[in-house]
$ cat coords17.cif   # mmCIF, C-alpha atoms and all ligand atoms
data_coords
loop_
_atom_site.label_atom_id
_atom_site.label_comp_id
_atom_site.auth_asym_id
_atom_site.auth_seq_id
_atom_site.Cartn_x
_atom_site.Cartn_y
_atom_site.Cartn_z
CA MET A 23 173.87 -121.08 141.59
CA LEU A 24 177.04 -122.52 143.14
CA GLU A 25 176.93 -125.18 145.84
CA VAL A 26 180.10 -126.48 147.44
CA GLU A 27 179.47 -129.40 149.76
CA GLY A 28 182.04 -130.80 152.15
CA ILE A 29 185.12 -130.59 149.91
CA HIS A 30 188.52 -131.89 150.96
CA THR A 31 191.41 -130.65 148.84
CA PHE A 32 195.09 -131.63 148.96
CA TYR A 33 198.38 -130.42 147.51
CA GLY A 34 200.18 -133.72 147.20
CA LEU A 35 199.96 -135.19 150.68
CA SER A 36 199.12 -131.89 152.41
CA HIS A 37 195.52 -131.80 153.42
CA ILE A 38 194.41 -128.17 152.93
CA LEU A 39 190.60 -127.97 152.90
CA PHE A 40 188.61 -129.88 155.49
CA GLY A 41 184.97 -130.23 154.52
CA VAL A 42 184.44 -126.74 153.11
CA SER A 43 180.80 -125.99 152.23
CA LEU A 44 179.36 -122.78 150.83
CA ARG A 45 176.60 -121.57 148.55
CA VAL A 46 176.21 -118.60 146.27
CA GLU A 47 172.75 -117.79 144.92
CA LEU A 48 172.03 -116.19 141.57
CA GLN A 49 173.10 -112.53 141.44
CA GLU A 50 174.51 -112.52 144.94
CA VAL A 51 177.88 -111.10 145.96
CA VAL A 52 179.27 -113.46 148.58
CA CYS A 53 182.61 -113.06 150.32
CA LEU A 54 185.03 -115.63 151.65
CA LEU A 55 187.13 -113.89 154.27
CA GLY A 56 190.23 -115.28 155.86
CA ARG A 57 193.83 -114.61 156.78
CA ASN A 58 196.73 -115.34 154.52
CA GLY A 59 197.04 -119.11 154.10
CA ALA A 60 193.50 -119.82 155.34
CA GLY A 61 192.48 -121.65 152.16
CA LYS A 62 190.64 -119.00 150.12
CA THR A 63 192.56 -119.49 146.88
CA THR A 64 192.49 -123.25 147.28
CA THR A 65 188.70 -123.10 147.60
CA MET A 66 188.46 -121.12 144.37
CA LYS A 67 190.88 -123.41 142.56
CA SER A 68 188.85 -126.37 143.75
CA VAL A 69 185.70 -124.88 142.24
CA ILE A 70 187.24 -124.19 138.85
CA GLY A 71 189.04 -127.51 138.63
CA ILE A 72 192.68 -126.46 139.02
CA THR A 73 192.99 -128.43 142.26
CA PRO A 74 190.03 -130.82 142.18
CA PRO A 75 188.87 -131.93 145.62
CA LYS A 76 189.41 -135.55 146.67
CA GLN A 77 186.11 -135.65 148.46
CA GLY A 78 182.92 -133.62 148.39
CA ILE A 79 180.63 -132.28 145.68
CA ILE A 80 180.50 -129.03 143.71
CA ARG A 81 177.40 -128.09 141.73
CA TYR A 82 176.81 -125.23 139.35
CA LYS A 83 173.19 -124.48 138.49
CA GLY A 84 172.29 -127.87 139.89
CA GLU A 85 174.75 -129.79 137.73
CA GLU A 86 177.64 -131.60 139.34
CA ILE A 87 180.94 -130.08 138.16
CA THR A 88 183.35 -131.61 140.69
CA GLY A 89 186.77 -132.04 139.10
CA LYS A 90 185.72 -130.79 135.66
CA ALA A 91 188.52 -129.18 133.66
CA PRO A 92 188.89 -125.39 133.93
CA TYR A 93 188.22 -124.80 130.21
CA LEU A 94 184.91 -126.67 130.42
CA LEU A 95 183.87 -124.54 133.37
CA ALA A 96 184.86 -121.38 131.52
CA ARG A 97 182.51 -122.47 128.73
CA LYS A 98 179.73 -122.79 131.25
CA GLY A 99 180.26 -119.15 132.17
CA ILE A 100 182.46 -119.45 135.25
CA SER A 101 185.45 -117.11 135.32
CA TYR A 102 188.30 -117.13 137.83
CA ILE A 103 190.29 -113.93 138.24
CA PRO A 104 193.49 -114.94 140.05
CA ASP A 105 195.29 -112.60 142.40
CA ASP A 106 198.40 -112.71 140.21
CA ARG A 107 196.56 -111.13 137.24
CA ARG A 108 198.16 -112.80 134.18
CA ILE A 109 198.10 -109.86 131.82
CA PHE A 110 199.92 -110.21 128.49
CA ALA A 111 202.86 -107.85 128.91
CA ASP A 112 203.59 -107.46 125.18
CA LEU A 113 200.01 -106.66 124.19
CA THR A 114 198.35 -103.31 124.67
CA VAL A 115 195.44 -102.87 127.05
CA GLY A 116 193.05 -102.88 124.07
CA GLU A 117 194.62 -106.02 122.63
CA ASN A 118 194.50 -107.76 126.00
CA LEU A 119 190.76 -107.10 125.94
CA GLU A 120 190.18 -108.02 122.30
CA ILE A 121 191.71 -111.47 122.56
CA ALA A 122 189.49 -112.27 125.52
CA ILE A 123 186.21 -111.74 123.62
CA ARG A 124 183.86 -114.66 123.74
CA GLU A 125 180.29 -114.74 122.53
CA ALA A 126 177.71 -114.43 125.26
CA LYS A 127 175.75 -117.58 125.89
CA ALA A 128 173.28 -116.10 128.31
CA GLY A 129 173.33 -112.46 127.32
CA GLY A 130 175.94 -110.50 129.22
CA GLY A 131 176.64 -108.30 126.26
CA TRP A 132 180.08 -107.14 127.35
CA ASN A 133 182.37 -105.64 124.74
CA LYS A 134 185.29 -103.26 124.77
CA GLU A 135 183.12 -100.15 124.84
CA ARG A 136 181.09 -101.34 127.80
CA VAL A 137 184.16 -102.50 129.66
CA TYR A 138 185.75 -99.08 129.10
CA GLU A 139 182.58 -97.47 130.42
CA LEU A 140 183.00 -99.43 133.65
CA PHE A 141 186.74 -98.75 133.84
CA PRO A 142 187.28 -95.31 132.24
CA ALA A 143 190.89 -95.33 133.45
CA LEU A 144 191.59 -98.22 131.08
CA LYS A 145 190.21 -96.36 128.09
CA ASN A 146 192.76 -93.61 128.60
CA ILE A 147 195.60 -96.12 128.47
CA GLY A 148 194.13 -98.39 125.80
CA SER A 149 197.29 -98.29 123.70
CA ARG A 150 199.75 -98.86 126.54
CA LYS A 151 201.50 -102.22 126.81
CA GLY A 152 200.29 -104.55 129.56
CA GLY A 153 203.81 -104.72 130.95
CA CYS A 154 203.87 -100.96 131.60
CA LEU A 155 200.79 -100.80 133.83
CA SER A 156 200.68 -100.05 137.53
CA GLY A 157 199.45 -102.71 139.93
CA GLY A 158 196.02 -101.09 140.12
CA GLU A 159 195.72 -100.83 136.34
CA GLN A 160 196.64 -104.49 136.00
CA LYS A 161 193.97 -105.46 138.50
CA MET A 162 191.34 -103.51 136.58
CA LEU A 163 192.52 -105.00 133.30
CA ALA A 164 192.32 -108.53 134.74
CA ILE A 165 188.68 -107.98 135.69
CA ALA A 166 187.92 -106.21 132.41
CA ARG A 167 189.42 -109.08 130.48
CA ALA A 168 187.32 -111.61 132.35
CA LEU A 169 184.19 -109.60 131.53
CA MET A 170 185.04 -109.78 127.79
CA GLY A 171 184.39 -113.51 128.09
CA ASN A 172 180.82 -112.73 129.15
CA PRO A 173 180.82 -114.85 132.29
CA GLU A 174 177.77 -115.40 134.49
CA PHE A 175 179.71 -116.16 137.62
CA ILE A 176 183.04 -114.69 138.64
CA LEU A 177 185.44 -115.79 141.32
CA LEU A 178 187.48 -112.74 142.33
CA ASP A 179 190.63 -113.58 144.25
CA GLU A 180 191.82 -110.69 146.45
CA PRO A 181 190.79 -107.85 144.15
CA PHE A 182 191.76 -105.17 146.69
CA GLU A 183 195.17 -106.54 147.58
CA GLY A 184 197.98 -104.05 147.06
CA LEU A 185 195.71 -101.25 145.82
CA ALA A 186 196.00 -97.64 146.96
CA PRO A 187 192.96 -96.52 149.01
CA ILE A 188 191.54 -94.39 146.23
CA LEU A 189 191.61 -97.34 143.84
CA VAL A 190 190.06 -99.59 146.47
CA HIS A 191 187.18 -97.18 146.67
CA ALA A 192 186.74 -97.06 142.90
CA LEU A 193 186.87 -100.83 142.64
CA GLU A 194 184.18 -101.19 145.30
CA GLY A 195 181.86 -99.17 143.08
CA GLN A 196 182.82 -101.17 140.01
CA ILE A 197 182.11 -104.49 141.73
CA ARG A 198 178.71 -103.16 142.81
CA LYS A 199 178.02 -102.38 139.17
CA LEU A 200 178.83 -105.96 138.22
CA ARG A 201 176.06 -107.11 140.49
CA GLU A 202 173.72 -104.55 138.96
CA ALA A 203 174.69 -105.95 135.56
CA GLY A 204 173.38 -109.34 136.69
CA LEU A 205 176.61 -111.13 137.55
CA THR A 206 177.04 -113.47 140.48
CA VAL A 207 180.29 -112.97 142.39
CA LEU A 208 182.34 -114.83 144.98
CA ILE A 209 185.12 -112.66 146.44
CA ALA A 210 188.05 -114.00 148.45
CA GLU A 211 189.58 -111.24 150.56
CA GLN A 212 191.54 -110.19 153.59
CA ASN A 213 190.39 -106.58 153.27
CA VAL A 214 187.38 -106.99 155.52
CA ARG A 215 186.07 -103.43 155.44
CA SER A 216 185.81 -103.00 151.71
CA THR A 217 184.56 -106.50 151.18
CA LEU A 218 181.78 -106.20 153.75
CA ARG A 219 180.63 -102.98 152.10
CA ILE A 220 179.93 -104.70 148.79
CA SER A 221 178.80 -108.20 149.82
CA ASP A 222 175.37 -109.66 150.51
CA ARG A 223 176.60 -112.52 152.71
CA GLY A 224 179.87 -113.80 154.00
CA TYR A 225 181.86 -116.81 155.12
CA ILE A 226 185.00 -116.95 157.21
CA ILE A 227 187.57 -119.60 156.50
CA ASP A 228 190.46 -120.47 158.79
CA ASN A 229 192.89 -123.38 158.58
CA GLY A 230 190.92 -124.89 155.73
CA GLN A 231 187.58 -124.93 157.54
CA ILE A 232 184.56 -122.66 157.35
CA ARG A 233 184.26 -121.16 160.84
CA TYR A 234 181.36 -118.82 160.34
CA HIS A 235 178.75 -117.83 157.89
CA GLY A 236 176.06 -115.23 158.08
CA SER A 237 174.72 -111.93 156.95
CA ILE A 238 176.96 -108.91 156.53
CA GLU A 239 175.27 -107.22 159.50
CA ASP A 240 176.11 -110.20 161.72
CA LEU A 241 179.70 -110.19 160.53
CA ARG A 242 180.02 -106.47 161.16
CA ASP A 243 178.55 -106.73 164.63
CA ASN A 244 180.37 -109.88 165.69
CA GLU A 245 183.68 -108.49 166.88
CA ASP A 246 184.67 -111.74 168.64
CA ILE A 247 184.52 -113.72 165.43
CA ARG A 248 186.37 -111.06 163.47
CA LYS A 249 189.11 -110.85 166.10
CA LYS A 250 189.46 -114.60 166.32
CA TYR A 251 189.73 -115.34 162.62
CA LEU A 252 190.52 -112.10 160.83
CA LEU A 253 192.66 -110.02 163.22
CA VAL A 254 190.55 -106.89 162.75
N1 LIG B 1 200.91 -125.16 145.50
C1 LIG B 1 200.90 -125.43 146.81
N2 LIG B 1 201.53 -126.50 147.32
C2 LIG B 1 201.50 -126.80 148.64
N3 LIG B 1 200.85 -126.07 149.56
C3 LIG B 1 200.17 -124.98 149.12
C4 LIG B 1 200.17 -124.61 147.73
N4 LIG B 1 199.42 -123.49 147.60
C5 LIG B 1 198.99 -123.18 148.84
N5 LIG B 1 199.44 -124.07 149.75
C6 LIG B 1 199.14 -124.06 151.21
O1 LIG B 1 197.73 -124.21 151.36
C7 LIG B 1 197.27 -123.40 152.43
C8 LIG B 1 196.15 -122.53 151.91
O2 LIG B 1 196.66 -121.65 150.93
P1 LIG B 1 195.74 -120.66 150.08
O3 LIG B 1 194.54 -121.39 149.64
O4 LIG B 1 196.60 -120.06 149.04
O5 LIG B 1 195.35 -119.58 151.19
P2 LIG B 1 194.79 -118.10 151.00
O6 LIG B 1 194.37 -117.92 149.60
O7 LIG B 1 193.65 -118.02 151.97
O8 LIG B 1 195.90 -117.18 151.41
C9 LIG B 1 198.48 -122.64 152.96
O9 LIG B 1 198.93 -123.30 154.10
C10 LIG B 1 199.48 -122.72 151.85
O10 LIG B 1 200.78 -122.74 152.35
MG MG B 2 194.98 -116.53 148.19
#
$ encode --input "coords17.cif" --output "structure tokens"
Amino acid sequence: MLEVEGIHTFYGLSHILFGVSLRVELQEVVCLLGRNGAGKTTTMKSVIGITPPKQGIIRYKGEEITGKAPYLLARKGISYIPDDRRIFADLTVGENLEIAIREAKAGGGWNKERVYELFPALKNIGSRKGGCLSGGEQKMLAIARALMGNPEFILLDEPFEGLAPILVHALEGQIRKLREAGLTVLIAEQNVRSTLRISDRGYIIDNGQIRYHGSIEDLRDNEDIRKKYLLV
């Protein structure tokens, strides 16, 4: 579904990604693991056109999308959920969801009721202002809001970061349900344990280069690789 081939991305003159390649097949959950500063967010921003690569090719469903504007990619069904959330503080939880509704192109069928079914905790606080939510609630709302746009492919940037263990556990289950609902997911994370539990395949990025890719079993068993690039 998504093919990234040999991308080089820069911030000004700083060369950040060095020939990053990865693939995500339809209805897979794939993780991109790496330490802070490894290039995970830059990879995601390259895919959705916020920091277009200077070199390399990105394809979505076989069509080249390299450097296309973020809004065009959103229309194609690609949704990026940044790690800094971007919830509207003055709107209630319900309003944050309602303004994100977009008609499904390829089914999806998400609406407020279904999103509340997936995140019951949000239903209970539907009338609370976005600015009065805990970190965990904001994370859930950010994902819920993305679902209201009926995406086919979501890029989840550090969904577990800063969450209490009990919320991490709940979110693992919710991400599994996204896969069951037919979504394709790329997750960037440093939380190796949780991420490996919910992914089908994984990549490790370090200093802007993909150092490893393989099955989850291989990643779990390969302590040398994990120690070298992930410090766990
Ligand atoms: N806006 C920016 N301008 C310049 N350098 C940046 C910017 N954002 C990130 N970087 C640098 O790019 C590298 C990769 O960052 P990032 O992709 O955010 O890593 P990660 O998401 O894996 O923590 C880091 O060295 C970081 O300092
Ligand atoms: Mg990041």
$ residues_around --input "coords17.cif" --residues "A:Asn118" --least-positions-apart "4" --cutoff "12 Å" --atoms "all atoms listed in the file" --output "ChimeraX atom specification"
/A:107-114,122-123,134,144,147-153,160,162-171
$ residues_near_ligand --input "coords17.cif" --ligand "ligand MG 2 (chain B)" --cutoff "12 Å" --atoms "all atoms listed in the file" --output "MDAnalysis selection string"
chainID A and resid 54:67 103:106 177:183 209:212 227 230
$ write_last_selection --input "coords17.cif" --atoms "C-alpha atoms" --output "PDB file, keeping the file's coordinate frame"
ATOM      1  CA  LEU A  54     185.030-115.630 151.650  1.00  0.00           C
ATOM      2  CA  LEU A  55     187.130-113.890 154.270  1.00  0.00           C
ATOM      3  CA  GLY A  56     190.230-115.280 155.860  1.00  0.00           C
ATOM      4  CA  ARG A  57     193.830-114.610 156.780  1.00  0.00           C
ATOM      5  CA  ASN A  58     196.730-115.340 154.520  1.00  0.00           C
ATOM      6  CA  GLY A  59     197.040-119.110 154.100  1.00  0.00           C
ATOM      7  CA  ALA A  60     193.500-119.820 155.340  1.00  0.00           C
ATOM      8  CA  GLY A  61     192.480-121.650 152.160  1.00  0.00           C
ATOM      9  CA  LYS A  62     190.640-119.000 150.120  1.00  0.00           C
ATOM     10  CA  THR A  63     192.560-119.490 146.880  1.00  0.00           C
ATOM     11  CA  THR A  64     192.490-123.250 147.280  1.00  0.00           C
ATOM     12  CA  THR A  65     188.700-123.100 147.600  1.00  0.00           C
ATOM     13  CA  MET A  66     188.460-121.120 144.370  1.00  0.00           C
ATOM     14  CA  LYS A  67     190.880-123.410 142.560  1.00  0.00           C
ATOM     15  CA  ILE A 103     190.290-113.930 138.240  1.00  0.00           C
ATOM     16  CA  PRO A 104     193.490-114.940 140.050  1.00  0.00           C
ATOM     17  CA  ASP A 105     195.290-112.600 142.400  1.00  0.00           C
ATOM     18  CA  ASP A 106     198.400-112.710 140.210  1.00  0.00           C
ATOM     19  CA  LEU A 177     185.440-115.790 141.320  1.00  0.00           C
ATOM     20  CA  LEU A 178     187.480-112.740 142.330  1.00  0.00           C
ATOM     21  CA  ASP A 179     190.630-113.580 144.250  1.00  0.00           C
ATOM     22  CA  GLU A 180     191.820-110.690 146.450  1.00  0.00           C
ATOM     23  CA  PRO A 181     190.790-107.850 144.150  1.00  0.00           C
ATOM     24  CA  PHE A 182     191.760-105.170 146.690  1.00  0.00           C
ATOM     25  CA  GLU A 183     195.170-106.540 147.580  1.00  0.00           C
ATOM     26  CA  ILE A 209     185.120-112.660 146.440  1.00  0.00           C
ATOM     27  CA  ALA A 210     188.050-114.000 148.450  1.00  0.00           C
ATOM     28  CA  GLU A 211     189.580-111.240 150.560  1.00  0.00           C
ATOM     29  CA  GLN A 212     191.540-110.190 153.590  1.00  0.00           C
ATOM     30  CA  ILE A 227     187.570-119.600 156.500  1.00  0.00           C
ATOM     31  CA  GLY A 230     190.920-124.890 155.730  1.00  0.00           C
TER      32      GLY A 230
END
$ residues_around --input "coords17.cif" --residues "stretch 190-201 of chain A" --least-positions-apart "3" --cutoff "9 Å" --atoms "only C-alpha atoms" --output "MDAnalysis selection string"
chainID A and resid 49:51 140:141 158 162 181:183 185:187 204:207 216:217 219:221
$ atom_distance --input "coords17.cif" --atom1 "atom CA of A:Gly89" --atom2 "atom CA of A:Ile72"
8.1 Å
$ residues_around --input "coords17.cif" --residues "A:Gln231" --least-positions-apart "3" --cutoff "7 Å" --atoms "all atoms listed in the file" --output "PyMOL selection string"
chain A and resi 39-42+227-228
$ residues_around --input "coords17.cif" --residues "A:Thr88" --least-positions-apart "6" --cutoff "9 Å" --atoms "all atoms listed in the file" --output "list in words"
Ser68, Val69, Ile70, Gly71, Pro74, Pro75, Gly78, Ile79, Ile80 and Arg81 of chain A
$ residues_around --input "coords17.cif" --residues "A:Glu174" --least-positions-apart "2" --cutoff "8 Å" --atoms "only C-alpha atoms" --output "ChimeraX atom specification"
/A:99-101,128,130,172,176,204-206
$ atom_distance --input "coords17.cif" --atom1 "atom CA of A:Ala91" --atom2 "atom CA of A:Leu44"
20.5 Å
$ closest_residue --input "coords17.cif" --among "A:Pro173, A:Ser36, A:Ile238, A:Arg45" --to "A:Arg97" --atoms "all atoms listed in the file"
A:Pro173
$ closest_residue --input "coords17.cif" --among "A:Leu48, A:Ile226, A:Val26, A:Ala203" --to "ligand LIG 1 (chain B)" --atoms "only C-alpha atoms and all ligand atoms"
A:Ile226
$ atom_distance --input "coords17.cif" --atom1 "atom CA of A:Gln77" --atom2 "atom CA of A:Ile29"
5.4 Å
$ closest_residue --input "coords17.cif" --among "A:Ser43, A:Glu135, A:Pro92, A:Glu159" --to "A:His235" --atoms "all atoms listed in the file"
A:Ser43
$ closest_residue --input "coords17.cif" --among "A:Asn229, A:Asn244, A:Ser156, A:Asn133" --to "ligand LIG 1 (chain B)" --atoms "all atoms listed in the file"
A:Asn229
$ closest_residue --input "coords17.cif" --among "A:Lys76, A:Arg223, A:His30, A:His37" --to "ligand LIG 1 (chain B)" --atoms "all atoms listed in the file"
A:His37
$ closest_residue --input "coords17.cif" --among "A:Arg215, A:Leu119, A:Phe175, A:Val137" --to "A:Lys98" --atoms "all atoms listed in the file"
A:Phe175
$ axis_aligned_box --input "coords17.cif" --around "ligand LIG 1 (chain B)" --padding-each-side "8 Å" --output "AutoDock Vina command-line options"
--center_x 197.6 --center_y -122.0 --center_z 149.8 --size_x 23.9 --size_y 25.6 --size_z 24.6
$ decode --input "coords17.cif" --residues "stretch 112-140 of chain A" --atoms "N, CA and C atoms" --output "mmCIF file, in the first residue's frame"
data_model
loop_
_atom_site.group_PDB
_atom_site.id
_atom_site.type_symbol
_atom_site.label_atom_id
_atom_site.label_comp_id
_atom_site.auth_asym_id
_atom_site.auth_seq_id
_atom_site.Cartn_x
_atom_site.Cartn_y
_atom_site.Cartn_z
ATOM 1 N N ASP A 112 -10.656 24.989 22.865
ATOM 2 C CA ASP A 112 -11.917 25.663 23.185
ATOM 3 C C ASP A 112 -13.148 24.855 22.798
ATOM 4 N N LEU A 113 -12.952 23.784 22.050
ATOM 5 C CA LEU A 113 -14.088 22.950 21.647
ATOM 6 C C LEU A 113 -14.204 21.760 22.588
ATOM 7 N N THR A 114 -15.432 21.273 22.732
ATOM 8 C CA THR A 114 -15.603 20.073 23.556
ATOM 9 C C THR A 114 -15.075 18.862 22.794
ATOM 10 N N VAL A 115 -14.981 17.755 23.527
ATOM 11 C CA VAL A 115 -14.550 16.496 22.904
ATOM 12 C C VAL A 115 -15.464 16.172 21.718
ATOM 13 N N GLY A 116 -16.779 16.261 21.958
ATOM 14 C CA GLY A 116 -17.744 15.960 20.887
ATOM 15 C C GLY A 116 -17.571 16.888 19.704
ATOM 16 N N GLU A 117 -17.348 18.164 19.970
ATOM 17 C CA GLU A 117 -17.174 19.128 18.861
ATOM 18 C C GLU A 117 -15.879 18.879 18.106
ATOM 19 N N ASN A 118 -14.827 18.529 18.859
ATOM 20 C CA ASN A 118 -13.564 18.184 18.199
ATOM 21 C C ASN A 118 -13.789 17.045 17.198
ATOM 22 N N LEU A 119 -14.649 16.110 17.578
ATOM 23 C CA LEU A 119 -14.925 14.975 16.691
ATOM 24 C C LEU A 119 -15.796 15.408 15.511
ATOM 25 N N GLU A 120 -16.845 16.186 15.817
ATOM 26 C CA GLU A 120 -17.799 16.550 14.760
ATOM 27 C C GLU A 120 -17.153 17.340 13.629
ATOM 28 N N ILE A 121 -16.214 18.231 13.969
ATOM 29 C CA ILE A 121 -15.639 19.028 12.881
ATOM 30 C C ILE A 121 -14.649 18.231 12.040
ATOM 31 N N ALA A 122 -14.332 17.030 12.491
ATOM 32 C CA ALA A 122 -13.366 16.229 11.730
ATOM 33 C C ALA A 122 -14.056 15.246 10.780
ATOM 34 N N ILE A 123 -15.387 15.244 10.775
ATOM 35 C CA ILE A 123 -16.115 14.279 9.929
ATOM 36 C C ILE A 123 -15.813 14.516 8.463
ATOM 37 N N ARG A 124 -15.560 13.436 7.767
ATOM 38 C CA ARG A 124 -15.383 13.524 6.332
ATOM 39 C C ARG A 124 -16.003 12.266 5.743
ATOM 40 N N GLU A 125 -16.689 12.422 4.640
ATOM 41 C CA GLU A 125 -17.356 11.271 4.038
ATOM 42 C C GLU A 125 -16.350 10.201 3.664
ATOM 43 N N ALA A 126 -16.730 8.959 3.890
ATOM 44 C CA ALA A 126 -15.851 7.850 3.543
ATOM 45 C C ALA A 126 -15.833 7.671 2.041
ATOM 46 N N LYS A 127 -14.606 7.533 1.527
ATOM 47 C CA LYS A 127 -14.475 7.268 0.094
ATOM 48 C C LYS A 127 -14.563 5.761 -0.115
ATOM 49 N N ALA A 128 -13.821 5.054 0.700
ATOM 50 C CA ALA A 128 -13.721 3.607 0.515
ATOM 51 C C ALA A 128 -14.357 2.870 1.687
ATOM 52 N N GLY A 129 -15.536 3.297 2.095
ATOM 53 C CA GLY A 129 -16.149 2.645 3.243
ATOM 54 C C GLY A 129 -15.632 3.275 4.510
ATOM 55 N N GLY A 130 -15.125 2.491 5.433
ATOM 56 C CA GLY A 130 -14.666 3.067 6.689
ATOM 57 C C GLY A 130 -15.825 3.134 7.650
ATOM 58 N N GLY A 131 -16.742 4.048 7.368
ATOM 59 C CA GLY A 131 -17.977 4.093 8.136
ATOM 60 C C GLY A 131 -17.816 4.563 9.567
ATOM 61 N N TRP A 132 -16.779 5.372 9.837
ATOM 62 C CA TRP A 132 -16.611 5.868 11.200
ATOM 63 C C TRP A 132 -17.520 7.073 11.421
ATOM 64 N N ASN A 133 -18.113 7.111 12.589
ATOM 65 C CA ASN A 133 -18.879 8.278 13.021
ATOM 66 C C ASN A 133 -18.692 8.384 14.532
ATOM 67 N N LYS A 134 -19.346 9.389 15.115
ATOM 68 C CA LYS A 134 -19.091 9.635 16.534
ATOM 69 C C LYS A 134 -19.451 8.423 17.392
ATOM 70 N N GLU A 135 -20.556 7.776 17.060
ATOM 71 C CA GLU A 135 -20.989 6.630 17.875
ATOM 72 C C GLU A 135 -19.940 5.515 17.841
ATOM 73 N N ARG A 136 -19.448 5.237 16.641
ATOM 74 C CA ARG A 136 -18.481 4.139 16.520
ATOM 75 C C ARG A 136 -17.155 4.485 17.184
ATOM 76 N N VAL A 137 -16.786 5.753 17.070
ATOM 77 C CA VAL A 137 -15.542 6.190 17.696
ATOM 78 C C VAL A 137 -15.672 6.095 19.228
ATOM 79 N N TYR A 138 -16.859 6.456 19.740
ATOM 80 C CA TYR A 138 -17.094 6.348 21.185
ATOM 81 C C TYR A 138 -17.113 4.884 21.632
ATOM 82 N N GLU A 139 -17.543 4.000 20.749
ATOM 83 C CA GLU A 139 -17.523 2.581 21.072
ATOM 84 C C GLU A 139 -16.081 2.102 21.267
ATOM 85 N N LEU A 140 -15.202 2.608 20.400
ATOM 86 C CA LEU A 140 -13.792 2.219 20.494
ATOM 87 C C LEU A 140 -13.123 2.870 21.709
#
